[in-house]
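Shown here: structure_23.cif, mmCIF, C-alpha atoms (C1' of nucleotides).
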```
data_target
#
loop_
_atom_site.label_atom_id
_atom_site.label_comp_id
_atom_site.auth_asym_id
_atom_site.auth_seq_id
_atom_site.Cartn_x
_atom_site.Cartn_y
_atom_site.Cartn_z
CA MET A 1 2.32 36.36 -20.45
CA THR A 2 2.82 33.75 -23.17
CA ASP A 3 4.14 31.45 -20.46
CA SER A 4 0.85 31.62 -18.63
CA LEU A 5 -0.85 29.77 -21.46
CA ALA A 6 0.21 26.52 -19.84
CA LEU A 7 -1.84 27.51 -16.80
CA ALA A 8 -4.81 28.46 -18.98
CA GLU A 9 -4.66 25.06 -20.66
CA HIS A 10 -4.41 23.38 -17.29
CA VAL A 11 -7.59 25.10 -16.13
CA LYS A 12 -9.44 24.57 -19.42
CA LYS A 13 -8.94 20.84 -19.05
CA ARG A 14 -11.19 21.00 -15.98
CA ILE A 15 -13.74 23.73 -16.71
CA ASN A 16 -14.98 25.76 -19.69
CA LEU A 17 -13.67 29.30 -19.92
CA THR A 18 -14.53 32.31 -22.07
CA ASP A 19 -11.64 34.49 -23.27
CA THR A 20 -12.62 37.16 -20.75
CA GLU A 21 -12.43 34.63 -17.97
CA VAL A 22 -9.03 33.40 -19.13
CA ASN A 23 -7.77 36.96 -18.91
CA GLU A 24 -9.31 37.55 -15.53
CA LEU A 25 -7.74 34.33 -14.28
CA LEU A 26 -4.28 35.06 -15.62
CA SER A 27 -4.33 38.63 -14.32
CA CYS A 28 -4.46 37.17 -10.80
CA PHE A 29 -1.18 35.31 -11.18
CA LYS A 30 2.29 36.68 -10.75
CA LEU A 31 5.27 35.11 -12.47
CA MET A 32 8.22 34.37 -10.21
CA LYS A 33 11.68 32.97 -10.85
CA VAL A 34 13.18 30.91 -8.09
CA ARG A 35 16.72 29.63 -7.85
CA LYS A 36 17.66 26.15 -6.77
CA ARG A 37 17.65 25.75 -2.97
CA GLN A 38 15.56 28.88 -2.51
CA PHE A 39 12.52 28.69 -0.20
CA ILE A 40 9.13 29.99 -1.25
CA ILE A 41 7.51 29.01 2.06
CA GLN A 42 9.09 28.71 5.50
CA PRO A 43 7.78 27.63 8.94
CA GLY A 44 6.39 30.50 10.96
CA PHE A 45 5.35 32.56 7.95
CA ILE A 46 1.85 32.41 6.49
CA ALA A 47 1.64 30.84 3.04
CA HIS A 48 -0.14 33.59 1.14
CA HIS A 49 0.10 31.85 -2.23
CA LYS A 50 -0.82 28.76 -4.12
CA ASN A 51 1.94 28.05 -6.63
CA TYR A 52 1.61 26.59 -10.11
CA VAL A 53 4.91 25.19 -11.40
CA LEU A 54 5.67 26.35 -14.94
CA LYS A 55 9.21 25.02 -14.96
CA GLY A 56 11.38 23.26 -12.43
CA ALA A 57 10.74 21.16 -9.35
CA PHE A 58 9.88 21.73 -5.71
CA ARG A 59 9.49 19.78 -2.54
CA ALA A 60 7.48 20.57 0.60
CA TYR A 61 8.85 19.10 3.80
CA VAL A 62 8.62 19.28 7.57
CA VAL A 63 11.45 18.84 10.04
CA ASP A 64 10.64 16.84 13.18
CA ASP A 65 11.97 17.22 16.75
CA THR A 66 14.89 14.93 16.01
CA GLY A 67 15.90 17.13 13.08
CA GLN A 68 14.80 14.74 10.38
CA ASP A 69 13.25 15.79 7.08
CA HIS A 70 9.95 14.40 5.88
CA THR A 71 8.91 15.25 2.34
CA ILE A 72 5.18 15.83 2.14
CA GLN A 73 4.87 16.74 -1.52
CA VAL A 74 6.93 16.94 -4.66
CA SER A 75 5.86 19.05 -7.64
CA ILE A 76 7.15 19.38 -11.16
CA GLU A 77 5.73 21.17 -14.23
CA ASP A 78 1.93 21.52 -14.35
CA TRP A 79 1.51 20.68 -10.65
CA TRP A 80 0.63 22.93 -7.73
CA ILE A 81 2.41 23.30 -4.44
CA SER A 82 1.99 25.12 -1.13
CA ASP A 83 1.60 24.43 2.58
CA TYR A 84 -2.13 23.85 2.32
CA ASN A 85 -2.81 23.83 6.04
CA SER A 86 -1.19 27.23 6.25
CA TYR A 87 -2.78 28.57 3.07
CA LEU A 88 -6.28 27.30 3.76
CA TYR A 89 -6.51 28.58 7.31
CA GLN A 90 -4.09 31.48 6.80
CA LYS A 91 -2.06 30.35 9.79
CA PRO A 92 1.75 30.15 10.08
CA ALA A 93 3.28 27.41 7.98
CA THR A 94 4.92 24.31 9.41
CA MET A 95 6.60 23.38 6.15
CA PHE A 96 9.48 24.43 4.02
CA VAL A 97 8.79 24.60 0.31
CA GLU A 98 12.09 24.58 -1.53
CA ALA A 99 13.13 24.68 -5.17
CA LEU A 100 15.04 21.54 -6.18
CA GLU A 101 16.08 23.20 -9.46
CA ASP A 102 16.07 26.71 -10.91
CA SER A 103 12.35 27.16 -11.45
CA ILE A 104 9.55 29.41 -12.65
CA ILE A 105 6.18 29.55 -10.90
CA LEU A 106 2.86 31.38 -11.19
CA GLN A 107 1.55 32.55 -7.84
CA ILE A 108 -2.00 33.37 -6.87
CA HIS A 109 -2.68 35.23 -3.63
CA TYR A 110 -5.21 33.82 -1.16
CA ASN A 111 -7.42 36.91 -1.48
CA ASP A 112 -7.41 36.80 -5.26
CA GLU A 113 -8.39 33.15 -5.24
CA ALA A 114 -11.19 33.95 -2.80
CA ARG A 115 -12.43 36.73 -5.07
CA LEU A 116 -12.30 34.56 -8.18
CA LYS A 117 -14.31 31.86 -6.43
CA GLN A 118 -16.86 34.33 -5.14
CA ASP A 119 -17.37 36.12 -8.42
CA HIS A 120 -17.53 33.08 -10.71
CA HIS A 121 -19.38 29.83 -10.10
CA ASN A 122 -16.97 28.57 -12.72
CA PHE A 123 -13.82 29.14 -10.72
CA GLU A 124 -15.48 27.87 -7.58
CA THR A 125 -15.97 24.63 -9.50
CA PHE A 126 -12.36 24.58 -10.63
CA PHE A 127 -10.96 24.95 -7.14
CA ARG A 128 -13.47 22.43 -5.82
CA ILE A 129 -12.25 19.87 -8.36
CA MET A 130 -8.64 20.58 -7.43
CA ALA A 131 -9.38 20.09 -3.74
CA GLU A 132 -11.36 16.90 -4.33
CA ARG A 133 -8.59 15.37 -6.38
CA SER A 134 -5.90 16.34 -3.91
CA MET A 135 -7.98 14.79 -1.18
CA ALA A 136 -8.41 11.56 -3.12
CA HIS A 137 -4.70 11.53 -3.90
CA MET A 138 -3.73 11.99 -0.28
CA GLN A 139 -6.09 9.27 0.77
CA ARG A 140 -4.42 6.90 -1.66
CA ARG A 141 -1.09 7.83 -0.13
CA ILE A 142 -2.37 7.15 3.38
CA ILE A 143 -3.56 3.74 2.22
CA THR A 144 -0.22 2.98 0.59
CA ASN A 145 1.67 4.00 3.71
CA LEU A 146 -0.50 1.79 5.89
CA THR A 147 -0.64 -1.25 3.66
CA LYS A 148 2.74 -1.50 1.91
CA ASN A 149 6.27 -2.04 3.09
CA ALA A 150 9.25 0.05 2.03
CA GLU A 151 10.04 -1.92 -1.13
CA GLU A 152 6.43 -1.96 -2.33
CA ARG A 153 6.08 1.78 -1.73
CA TYR A 154 9.15 2.43 -3.84
CA GLN A 155 7.95 0.17 -6.62
CA GLU A 156 4.54 1.81 -6.67
CA PHE A 157 6.04 5.27 -6.82
CA GLU A 158 8.44 4.28 -9.57
CA ALA A 159 5.57 2.87 -11.61
CA LEU A 160 3.36 5.94 -11.13
CA TYR A 161 5.95 8.70 -11.49
CA PRO A 162 9.03 7.47 -13.35
CA GLU A 163 10.05 11.01 -14.43
CA ILE A 164 10.05 12.21 -10.86
CA VAL A 165 12.17 9.30 -9.66
CA GLN A 166 14.82 10.29 -12.21
CA ARG A 167 14.66 13.93 -11.41
CA ILE A 168 14.66 14.47 -7.67
CA PRO A 169 17.54 13.72 -5.29
CA GLN A 170 17.44 10.42 -3.50
CA TYR A 171 17.12 11.91 -0.01
CA ALA A 172 13.97 13.74 -1.11
CA LEU A 173 12.45 10.55 -2.49
CA ALA A 174 13.43 8.49 0.55
CA SER A 175 11.89 10.97 2.93
CA TYR A 176 8.75 11.12 0.78
CA LEU A 177 8.45 7.35 0.84
CA GLY A 178 9.07 7.23 4.58
CA MET A 179 12.39 5.38 4.69
CA SER A 180 16.06 6.19 5.25
CA THR A 181 18.24 7.14 2.28
CA GLU A 182 20.43 4.14 3.01
CA TYR A 183 17.54 1.75 2.74
CA LEU A 184 16.28 3.29 -0.50
CA SER A 185 19.76 3.01 -1.93
CA ARG A 186 19.79 -0.67 -1.05
CA LEU A 187 16.40 -1.28 -2.64
CA ARG A 188 17.49 0.39 -5.84
CA ASN A 189 20.70 -1.60 -6.09
CA ARG A 190 18.97 -4.85 -5.31
CA ARG A 191 16.76 -4.27 -8.35
CA THR A 192 19.39 -3.14 -10.82
CA LYS A 193 21.69 -6.04 -9.95
CA LYS A 194 18.97 -8.60 -10.62
CA THR A 195 18.24 -7.02 -14.04
CA MET B 196 -37.48 15.14 8.52
CA THR B 197 -36.93 16.68 11.94
CA ASP B 198 -33.79 14.59 12.17
CA SER B 199 -32.40 16.25 9.10
CA LEU B 200 -32.17 19.53 10.93
CA ALA B 201 -28.78 18.45 12.24
CA LEU B 202 -27.58 18.30 8.64
CA ALA B 203 -29.10 21.71 7.87
CA GLU B 204 -27.26 23.17 10.85
CA HIS B 205 -24.07 21.47 9.74
CA VAL B 206 -24.32 23.11 6.32
CA LYS B 207 -25.39 26.50 7.68
CA LYS B 208 -22.21 26.67 9.72
CA ARG B 209 -20.31 26.79 6.44
CA ILE B 210 -22.52 28.73 4.02
CA ASN B 211 -25.64 30.94 4.13
CA LEU B 212 -28.87 29.28 3.09
CA THR B 213 -32.39 30.50 2.38
CA ASP B 214 -35.27 28.34 3.59
CA THR B 215 -35.95 27.24 0.02
CA GLU B 216 -32.35 26.11 -0.31
CA VAL B 217 -32.52 24.21 2.98
CA ASN B 218 -35.53 22.33 1.63
CA GLU B 219 -33.90 21.66 -1.69
CA LEU B 220 -30.83 20.36 0.10
CA LEU B 221 -32.71 18.10 2.48
CA SER B 222 -34.90 16.70 -0.27
CA CYS B 223 -31.74 15.22 -1.81
CA PHE B 224 -30.95 13.15 1.25
CA LYS B 225 -32.41 9.80 2.17
CA LEU B 226 -32.56 8.62 5.77
CA MET B 227 -31.18 5.14 6.36
CA LYS B 228 -30.95 2.93 9.42
CA VAL B 229 -27.97 0.65 9.59
CA ARG B 230 -27.36 -2.10 12.10
CA LYS B 231 -24.05 -2.76 13.80
CA ARG B 232 -21.65 -4.71 11.58
CA GLN B 233 -23.63 -3.90 8.45
CA PHE B 234 -21.71 -2.63 5.40
CA ILE B 235 -22.80 0.45 3.50
CA ILE B 236 -19.91 0.18 1.02
CA GLN B 237 -18.01 -2.90 -0.16
CA PRO B 238 -15.03 -3.47 -2.46
CA GLY B 239 -16.06 -4.05 -6.05
CA PHE B 240 -19.22 -1.97 -5.84
CA ILE B 241 -19.33 1.71 -6.76
CA ALA B 242 -19.91 4.05 -3.84
CA HIS B 243 -22.93 5.99 -5.10
CA HIS B 244 -23.40 7.97 -1.90
CA LYS B 245 -21.77 10.37 0.47
CA ASN B 246 -23.02 9.60 3.97
CA TYR B 247 -23.68 12.05 6.79
CA VAL B 248 -23.78 10.34 10.19
CA LEU B 249 -26.81 11.38 12.25
CA LYS B 250 -26.30 8.80 14.94
CA GLY B 251 -23.83 6.00 15.49
CA ALA B 252 -20.29 5.29 14.30
CA PHE B 253 -18.60 3.91 11.19
CA ARG B 254 -15.20 2.91 10.00
CA ALA B 255 -13.80 2.70 6.47
CA TYR B 256 -11.05 0.15 5.99
CA VAL B 257 -9.09 -1.73 3.37
CA VAL B 258 -7.82 -5.29 3.58
CA ASP B 259 -4.31 -5.91 2.22
CA ASP B 260 -2.89 -9.02 0.47
CA THR B 261 -1.90 -10.55 3.78
CA GLY B 262 -5.48 -10.26 5.02
CA GLN B 263 -4.86 -7.41 7.40
CA ASP B 264 -7.26 -4.57 8.10
CA HIS B 265 -6.25 -0.94 7.80
CA THR B 266 -8.71 1.65 9.01
CA ILE B 267 -8.69 4.71 6.78
CA GLN B 268 -11.41 6.74 8.43
CA VAL B 269 -13.64 6.72 11.48
CA SER B 270 -16.83 8.78 11.63
CA ILE B 271 -19.26 9.56 14.41
CA GLU B 272 -22.18 12.02 14.61
CA ASP B 273 -21.93 15.11 12.40
CA TRP B 274 -19.15 13.63 10.27
CA TRP B 275 -19.24 12.31 6.71
CA ILE B 276 -18.01 9.00 5.40
CA SER B 277 -17.59 7.20 2.07
CA ASP B 278 -14.92 5.63 -0.11
CA TYR B 279 -13.99 8.94 -1.70
CA ASN B 280 -11.81 7.49 -4.43
CA SER B 281 -14.74 5.37 -5.50
CA TYR B 282 -17.34 8.12 -5.09
CA LEU B 283 -15.35 10.86 -6.78
CA TYR B 284 -14.40 8.87 -9.86
CA GLN B 285 -17.43 6.56 -9.74
CA LYS B 286 -15.17 3.52 -9.91
CA PRO B 287 -15.49 0.30 -7.88
CA ALA B 288 -14.66 0.74 -4.22
CA THR B 289 -11.58 -0.74 -2.56
CA MET B 290 -12.88 -0.16 0.94
CA PHE B 291 -15.39 -1.56 3.32
CA VAL B 292 -17.46 0.98 5.21
CA GLU B 293 -18.99 -0.73 8.22
CA ALA B 294 -21.24 0.38 11.07
CA LEU B 295 -19.54 0.00 14.45
CA GLU B 296 -22.88 0.57 16.21
CA ASP B 297 -26.54 0.65 15.24
CA SER B 298 -26.61 3.89 13.29
CA ILE B 299 -28.67 6.37 11.30
CA ILE B 300 -27.27 8.15 8.26
CA LEU B 301 -28.39 10.63 5.62
CA GLN B 302 -27.28 9.66 2.13
CA ILE B 303 -26.85 11.87 -0.90
CA HIS B 304 -26.47 10.32 -4.34
CA TYR B 305 -23.56 11.32 -6.57
CA ASN B 306 -25.92 12.66 -9.26
CA ASP B 307 -27.91 14.72 -6.78
CA GLU B 308 -24.76 16.24 -5.37
CA ALA B 309 -23.62 17.06 -8.90
CA ARG B 310 -26.95 18.71 -9.65
CA LEU B 311 -26.91 20.74 -6.44
CA LYS B 312 -23.42 21.98 -7.21
CA GLN B 313 -24.29 22.88 -10.77
CA ASP B 314 -27.51 24.69 -9.92
CA HIS B 315 -26.27 26.68 -6.94
CA HIS B 316 -22.99 28.52 -6.59
CA ASN B 317 -23.79 28.22 -2.89
CA PHE B 318 -23.65 24.47 -2.74
CA GLU B 319 -20.62 24.39 -4.97
CA THR B 320 -18.96 26.48 -2.28
CA PHE B 321 -20.10 24.15 0.45
CA PHE B 322 -18.67 21.05 -1.19
CA ARG B 323 -15.50 22.91 -2.04
CA ILE B 324 -15.02 23.80 1.60
CA MET B 325 -15.65 20.20 2.62
CA ALA B 326 -13.11 18.92 0.14
CA GLU B 327 -10.50 21.50 1.14
CA ARG B 328 -10.82 20.64 4.79
CA SER B 329 -10.70 16.92 4.20
CA MET B 330 -7.58 17.48 2.15
CA ALA B 331 -5.95 19.51 4.89
CA HIS B 332 -6.94 16.91 7.44
CA MET B 333 -5.48 14.06 5.41
CA GLN B 334 -2.29 15.99 4.92
CA ARG B 335 -1.96 16.42 8.67
CA ARG B 336 -2.43 12.68 9.02
CA ILE B 337 0.29 11.98 6.46
CA ILE B 338 2.62 14.27 8.37
CA THR B 339 1.81 12.56 11.65
CA ASN B 340 2.39 9.14 10.16
CA LEU B 341 5.75 10.18 8.76
CA THR B 342 7.03 12.11 11.75
CA LYS B 343 5.72 10.35 14.84
CA ASN B 344 6.23 6.92 16.32
CA ALA B 345 3.46 4.62 17.53
CA GLU B 346 3.21 6.06 21.03
CA GLU B 347 3.17 9.65 19.84
CA ARG B 348 0.51 8.88 17.26
CA TYR B 349 -1.67 7.37 19.95
CA GLN B 350 -1.17 10.33 22.28
CA GLU B 351 -1.99 12.80 19.54
CA PHE B 352 -5.15 10.95 18.60
CA GLU B 353 -6.24 10.67 22.22
CA ALA B 354 -5.74 14.40 22.70
CA LEU B 355 -7.64 15.32 19.53
CA TYR B 356 -10.51 12.84 19.70
CA PRO B 357 -11.01 11.59 23.26
CA GLU B 358 -14.68 10.63 22.59
CA ILE B 359 -13.69 8.44 19.67
CA VAL B 360 -10.99 6.65 21.65
CA GLN B 361 -13.60 5.67 24.23
CA ARG B 362 -16.13 4.62 21.69
CA ILE B 363 -14.51 2.48 19.01
CA PRO B 364 -13.06 -1.00 19.51
CA GLN B 365 -9.33 -1.21 20.03
CA TYR B 366 -8.62 -3.12 16.83
CA ALA B 367 -10.22 -0.32 14.82
CA LEU B 368 -8.11 2.30 16.56
CA ALA B 369 -4.91 0.28 16.29
CA SER B 370 -5.38 -0.25 12.57
CA TYR B 371 -6.17 3.46 12.13
CA LEU B 372 -3.00 4.43 13.95
CA GLY B 373 -0.93 1.93 11.98
CA MET B 374 0.08 -0.47 14.74
CA SER B 375 -0.90 -3.92 15.98
CA THR B 376 -3.64 -4.30 18.58
CA GLU B 377 -1.10 -5.90 20.91
CA TYR B 378 1.16 -2.89 20.77
CA LEU B 379 -1.70 -0.44 21.33
CA SER B 380 -2.80 -2.44 24.34
CA ARG B 381 0.71 -2.17 25.73
CA LEU B 382 0.86 1.58 25.19
CA ARG B 383 -2.45 2.10 26.95
CA ASN B 384 -1.42 0.06 29.98
CA ARG B 385 1.94 1.73 30.18
CA ARG B 386 0.18 5.09 30.59
CA THR B 387 -2.53 4.08 33.05
CA LYS B 388 -0.01 2.39 35.33
CA LYS B 389 2.21 5.46 35.50
CA THR B 390 -0.81 7.60 36.49
"C1'" DC C 391 -29.43 -16.23 32.33
"C1'" DC C 392 -25.83 -19.00 29.94
"C1'" DG C 393 -22.73 -20.49 26.31
"C1'" DA C 394 -20.23 -18.51 22.52
"C1'" DT C 395 -17.96 -15.25 20.28
"C1'" DT C 396 -15.39 -10.99 20.56
"C1'" DT C 397 -12.27 -8.20 22.67
"C1'" DC C 398 -8.35 -7.31 25.51
"C1'" DC C 399 -3.97 -8.45 27.95
"C1'" DT C 400 0.80 -10.43 28.49
"C1'" DG C 401 5.16 -12.70 27.50
"C1'" DA C 402 8.69 -14.60 24.19
"C1'" DT C 403 10.78 -14.31 19.90
"C1'" DC C 404 11.94 -12.22 15.47
"C1'" DC C 405 12.86 -9.06 11.56
"C1'" DA C 406 12.33 -4.90 8.45
"C1'" DG C 407 14.23 -0.94 8.54
"C1'" DT C 408 17.28 2.46 11.33
"C1'" DT C 409 21.56 4.35 12.90
"C1'" DC C 410 26.27 5.22 12.72
"C1'" DA C 411 30.46 5.31 10.29
"C1'" DT C 412 33.24 5.28 6.16
"C1'" DT C 413 34.29 5.92 1.31
"C1'" DG C 414 34.27 7.72 -3.37
"C1'" DG C 415 32.55 10.59 -6.83
"C1'" DA C 416 30.20 14.63 -8.51
"C1'" DA C 417 28.59 19.20 -8.32
"C1'" DA C 418 29.08 23.96 -6.79
"C1'" DC C 419 32.08 27.83 -5.91
"C1'" DG C 420 35.45 31.11 -5.29
"C1'" DC D 421 41.14 24.20 -11.02
"C1'" DG D 422 41.72 23.08 -6.41
"C1'" DT D 423 38.76 22.82 -2.54
"C1'" DT D 424 34.72 22.32 -0.22
"C1'" DT D 425 30.26 20.70 0.19
"C1'" DC D 426 26.81 17.52 -1.14
"C1'" DC D 427 25.15 12.99 -2.31
"C1'" DA D 428 24.96 7.84 -3.12
"C1'" DA D 429 26.72 3.32 -1.69
"C1'" DT D 430 27.74 -0.11 1.58
"C1'" DG D 431 28.83 -2.67 6.03
"C1'" DA D 432 27.81 -3.70 10.98
"C1'" DA D 433 25.20 -3.27 15.04
"C1'" DC D 434 20.86 -2.20 16.94
"C1'" DT D 435 15.65 -1.50 17.92
"C1'" DG D 436 10.62 -0.39 17.46
"C1'" DG D 437 7.12 -2.77 16.72
"C1'" DA D 438 5.20 -7.22 14.62
"C1'" DT D 439 4.02 -11.94 15.20
"C1'" DC D 440 2.69 -15.95 17.58
"C1'" DA D 441 0.61 -18.24 21.34
"C1'" DG D 442 -2.11 -18.51 25.46
"C1'" DG D 443 -5.52 -17.14 28.47
"C1'" DA D 444 -8.84 -13.77 30.90
"C1'" DA D 445 -12.78 -10.72 30.54
"C1'" DA D 446 -16.39 -8.51 28.38
"C1'" DT D 447 -20.44 -8.60 25.44
"C1'" DC D 448 -24.03 -10.54 22.89
"C1'" DG D 449 -27.64 -13.35 20.96
"C1'" DG D 450 -31.13 -16.40 22.07
#
```

Take the structure from the file and write it as C-alpha cells.
Amino acid sequence: MTDSLALAEHVKKRINLTDTEVNELLSCFKLMKVRKRQFIIQPGFIAHHKNYVLKGAFRAYVVDDTGQDHTIQVSIEDWWISDYNSYLYQKPATMFVEALEDSIILQIHYNDEARLKQDHHNFETFFRIMAERSMAHMQRRIITNLTKNAEERYQEFEALYPEIVQRIPQYALASYLGMSTEYLSRLRNRRTKKT
Amino acid sequence: MTDSLALAEHVKKRINLTDTEVNELLSCFKLMKVRKRQFIIQPGFIAHHKNYVLKGAFRAYVVDDTGQDHTIQVSIEDWWISDYNSYLYQKPATMFVEALEDSIILQIHYNDEARLKQDHHNFETFFRIMAERSMAHMQRRIITNLTKNAEERYQEFEALYPEIVQRIPQYALASYLGMSTEYLSRLRNRRTKKT
DNA sequence: CCGATTTCCTGATCCAGTTCATTGGAAACG
DNA sequence: CGTTTCCAATGAACTGGATCAGGAAATCGG
C-alpha cells in the first residue's frame, strides 16, 4: 500500500482530497506486477482497466493489415495507459499494450471508476481533467504529424521526452514517430556524427 | 432562445437535466452570427470560448513554416469547435478557426464553463464525457494517420462523414486528410471513373 | 448579368522516406 | 557458455505522394 502513495500524490496535484477520499481512491486500485514482453491488453478482449504505471514502461500499439506495428502511446512512471477506445466504450480492444520492462502497475476497473465519479464530484473533476489533457496532448500530436517531417518529429520528441528516448527500443520509437526503424537510425547517426 | 433548444437536446442526450438546469445552462451561451470566411479564433489571441455550431460549418487549421494549411478539425451542425490547447490552458491560440459558410454558433466563455462545472456535478459529468469522446476520436484519427495511406484515409472519411465530404471545399478536406489537393482530386476521379 | 476570384483537374518531374538484404553486436536462455 | 533470438546500422533500389505549371469550370460580389 505504501507504493500507492505515488498515485495519491499524482491525484492530489490535480484535485484536493481528504484522507477518507485518498483511502477510498486507493482501495479501488489493484497492484499488479508485469514481466517484460507481457501483454496487459490484447485485441479482441475488452480493456476493463485503466493502468497507472508505478514502475517500468509500456507501449500500446496496433498492427495493420500488412503486419506492421504502429505505436500509439508510450508510458513510463506516473503515466497512465490503456486502449481508451476499448475502455471508454467497453468494446473489444484493437491494441496490444505490452510491458517494455519488468513493471508494476495500479489498475482501476471501469465499474469502480464509474462509481467513484458518480459518488464524488471531486473524482468526476479529476477524470475530466485527465481526459481534457489527454485530448489536448493528442491534438498536439495530430498537428505534429501533419506539419512536420520525419526529422523534425524526432527532434521534437527528443526535446520533449529525453528520458523516454533513452529508455525505449528504437523500433518502438520509430513506429511511434511514424517512420521506419532504418530511417530513424539514419537520423540519429546523422546528428551524432555532426556533433 | 428557441434556437438554443438544439443545444439543450444535445446536452440531454448525455446527462439528465431539470428545467432549472436547462435554463442555467442556456443562460451561459451567447448566440453569434458569423459570415463565411470570418475567423472566430486567430493565432496569438486566447480562445476564450467553446463554440457549439447551430448552423453552418467551420474548420480549424494551422499554418506551418512553409506557409501550408493543415486542417485539424471540421465542424458542422451539432458539433463543437475551438482551439482546445488554447482554450484549456488559456494560452494564445496557434490555430485559425474559420467559417466555411454563413453560420450561427452558441458560445460559452471559459469562466462560465468553469463555474457550471464547479456548481453542478451534472455539468462536470457532461464536460467529462465530451472530453473523453474527443480524446477517443482523436486517438482513432492518430491510428488512421499512422496505419492507412492517402487513398484509404479518404475512403474511411467518406464512409464515416459523407455529408461533410459533399459540403466542405476540397482543399479543406485534403489538408484534413494530410494530402495535397492535387492528389485528392486524383483519388476522387479514379473512383468515379471505375463506377 | 459579367468580370474576377476561387476551386478543381491533369500531366510531368522529383524526392523523402520505404523496402529489402546483409552484417555485427548484445541480450536472453537453456 | 554456446546458441539463438533480438536489435541497430548501413547500402541500394524503389515508390507514394508532393510540387510545379497550365488551363477549365464554378461561384461570387457588385

message: Take the PyMOL selection byres ((chain D) within 10 of (chain A)), run it mentally on this structure, and tell me the resulting residues as a PyMOL selection string.
response: chain D and resi 427-430

message: I'd like the neighbourhood of D:DG450 as a PyMOL selection string, where a residue qualifies if any of its atoms comes within 12 Å (using all atoms listed in the file), though same-chain residues fewer than 2 positions away should be ignored.
response: (chain C and resi 391-394) or (chain D and resi 448)

message: Using Å and a single decimal, report how far atom CA of B:Ile359 sits from atom CA of B:Ile300.
response: 17.7 Å

task: Please indicate the distance in Å from atom CA of A:Leu17 to atom CA of B:Leu311, rounded to one decimal place.
output: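 Value for the atom CA of A:Leu17-atom CA of B:Leu311 distance: 20.7 Å.
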
- prompt: In Å, with one decimal, what is the gap from atom CA of B:His316 to atom CA of B:Lys208?
  reply: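 Atom CA of B:Lys208 lies 16.4 Å from atom CA of B:His316.
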
message: Starting from the PyMOL selection byres ((chain B) within 6 of (chain A)), expand the selection into actual residues of this file and give them as a ChimeraX atom specification.
response: /B:280,316,323,326-327,330-331

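Put simply, the PyMOL selection byres ((chain A) within 9 of (chain C)) on this file hits Asn149, Ala150, Met179, Ser180 and Tyr183 of chain A.
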
task: For A:Glu163, list every protein, DNA or RNA residue within 12 Å, evaluated using only C-alpha atoms (C1' of nucleotides), and leave out those in the same chain fewer than 2 positions away; present the list as number ranges by chain.
output: A: 57, 74-77, 157-161, 165-168
